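Read through the structure below, which is laid out as structure tokens, and then see the notes.
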Amino acid sequence: MARGWRKEAKRYGAPAAFLLAATIAVLLVRSGLRTDASPVTTAGTTTTVTTATTAPVPPRRRRFYRLRAGETLSDVAIRFDTSVERLLALNPGIEPTNLVVGQRIRIK
């Protein structure tokens, strides 16, 4: 009877141990990839994850666009996936009703 019990333990225990080890490995890798510094609670244990500092992000480069014949600020806003209000904020000196062909406007 004892021999049958060991055989069953090996048969079901080895895959269960493998799945447990794989789950622990995935949780460790996942917790290492987190970027927030919030505490992680696992089975009653609290671990604080710290974030790594990276180089500062350079400021976005300004982009400009030259108006073509018949274009409005609305056309430009749609083309560059922004809003007319954003274009007006980036270009405080322009008049939306007095645009000139070839006029250079800032879009980003």
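Naming works like this for the structure tokens: A, B, ... for the chains as they're shown, residue 1 at the start of each chain, ligands 1 onward in shown order.
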>> Show me, as a list of chain:residue names, the residues that have an atom within 10 Å of Leu73 in chain A when counting only C-alpha atoms, minus same-chain residues fewer than 3 positions from it.
In response: A:Leu67, A:Val76, A:Ala77, A:Ile78, A:Arg79, A:Ser83, A:Val84, A:Glu85, A:Leu87, A:Leu88, A:Glu95, A:Pro96, A:Thr97, A:Leu99, A:Ile105
Export N, CA and C atoms of the chosen residues as a CSV table (one decimal), in the first residue's frame?
```csv
chain,number,residue,atom,x,y,z
A,67,LEU,N,1.1,76.9,-44.1
A,67,LEU,CA,-0.3,76.8,-44.6
A,67,LEU,C,-0.3,76.8,-46.1
A,76,VAL,N,-5.7,72.1,-40.2
A,76,VAL,CA,-4.4,71.8,-39.7
A,76,VAL,C,-4.6,70.9,-38.4
A,77,ALA,N,-5.6,71.3,-37.6
A,77,ALA,CA,-5.8,70.6,-36.3
A,77,ALA,C,-6.2,69.1,-36.6
A,78,ILE,N,-7.0,68.9,-37.6
A,78,ILE,CA,-7.4,67.6,-37.9
A,78,ILE,C,-6.2,66.8,-38.5
A,79,ARG,N,-5.5,67.4,-39.3
A,79,ARG,CA,-4.3,66.8,-39.9
A,79,ARG,C,-3.3,66.3,-38.9
A,83,SER,N,-6.2,70.2,-31.4
A,83,SER,CA,-7.4,71.1,-31.5
A,83,SER,C,-7.0,72.5,-31.9
A,84,VAL,N,-8.0,73.2,-32.4
A,84,VAL,CA,-7.8,74.6,-32.8
A,84,VAL,C,-7.3,75.4,-31.6
A,85,GLU,N,-7.9,75.1,-30.4
A,85,GLU,CA,-7.5,75.9,-29.2
A,85,GLU,C,-6.0,75.7,-28.9
A,87,LEU,N,-3.6,75.0,-31.1
A,87,LEU,CA,-2.9,75.7,-32.1
A,87,LEU,C,-2.9,77.2,-31.8
A,88,LEU,N,-4.0,77.7,-31.3
A,88,LEU,CA,-4.0,79.2,-30.9
A,88,LEU,C,-3.1,79.4,-29.7
A,95,GLU,N,-4.1,85.5,-36.3
A,95,GLU,CA,-5.5,85.7,-36.3
A,95,GLU,C,-6.1,84.6,-37.1
A,96,PRO,N,-7.1,83.8,-36.6
A,96,PRO,CA,-7.6,82.7,-37.4
A,96,PRO,C,-8.4,83.1,-38.6
A,97,THR,N,-8.9,84.4,-38.6
A,97,THR,CA,-9.6,84.9,-39.7
A,97,THR,C,-8.8,85.6,-40.8
A,99,LEU,N,-5.5,84.4,-42.1
A,99,LEU,CA,-4.3,83.5,-42.4
A,99,LEU,C,-3.8,83.7,-43.8
A,105,ILE,N,3.1,78.2,-39.0
A,105,ILE,CA,2.5,78.1,-37.7
A,105,ILE,C,3.1,76.9,-36.9
```
> Thr82 in chain A: which residues within 10 Å, counting only C-alpha atoms, same-chain residues fewer than 6 positions away excluded, as a list in words?
Replying inline: Ser74, Val76, Ile107 and Lys108 of chain A
Requested write-out: N, CA, C and O atoms of the selected residues, as a PDB file, in the first residue's frame:
```pdb
ATOM      1  N   SER A  74      -8.687  74.688 -38.512  1.00  0.00           N
ATOM      2  CA  SER A  74      -9.405  73.437 -38.279  1.00  0.00           C
ATOM      3  C   SER A  74      -8.826  72.307 -39.129  1.00  0.00           C
ATOM      4  O   SER A  74      -8.661  71.178 -38.651  1.00  0.00           O
ATOM      5  N   VAL A  76      -5.749  72.091 -40.242  1.00  0.00           N
ATOM      6  CA  VAL A  76      -4.435  71.762 -39.687  1.00  0.00           C
ATOM      7  C   VAL A  76      -4.596  70.949 -38.404  1.00  0.00           C
ATOM      8  O   VAL A  76      -3.868  69.976 -38.169  1.00  0.00           O
ATOM      9  N   ILE A 107       2.906  73.726 -34.627  1.00  0.00           N
ATOM     10  CA  ILE A 107       1.910  72.675 -34.402  1.00  0.00           C
ATOM     11  C   ILE A 107       2.219  71.837 -33.180  1.00  0.00           C
ATOM     12  O   ILE A 107       1.354  71.149 -32.650  1.00  0.00           O
ATOM     13  N   LYS A 108       3.471  71.850 -32.692  1.00  0.00           N
ATOM     14  CA  LYS A 108       3.855  71.119 -31.485  1.00  0.00           C
ATOM     15  C   LYS A 108       4.888  71.896 -30.737  1.00  0.00           C
ATOM     16  O   LYS A 108       5.661  72.635 -31.230  1.00  0.00           O
TER      17      LYS A 108
END
```
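Interatomic distance, CA of Leu90 in chain A to CA of Arg66 in chain A: 14.5 Å.
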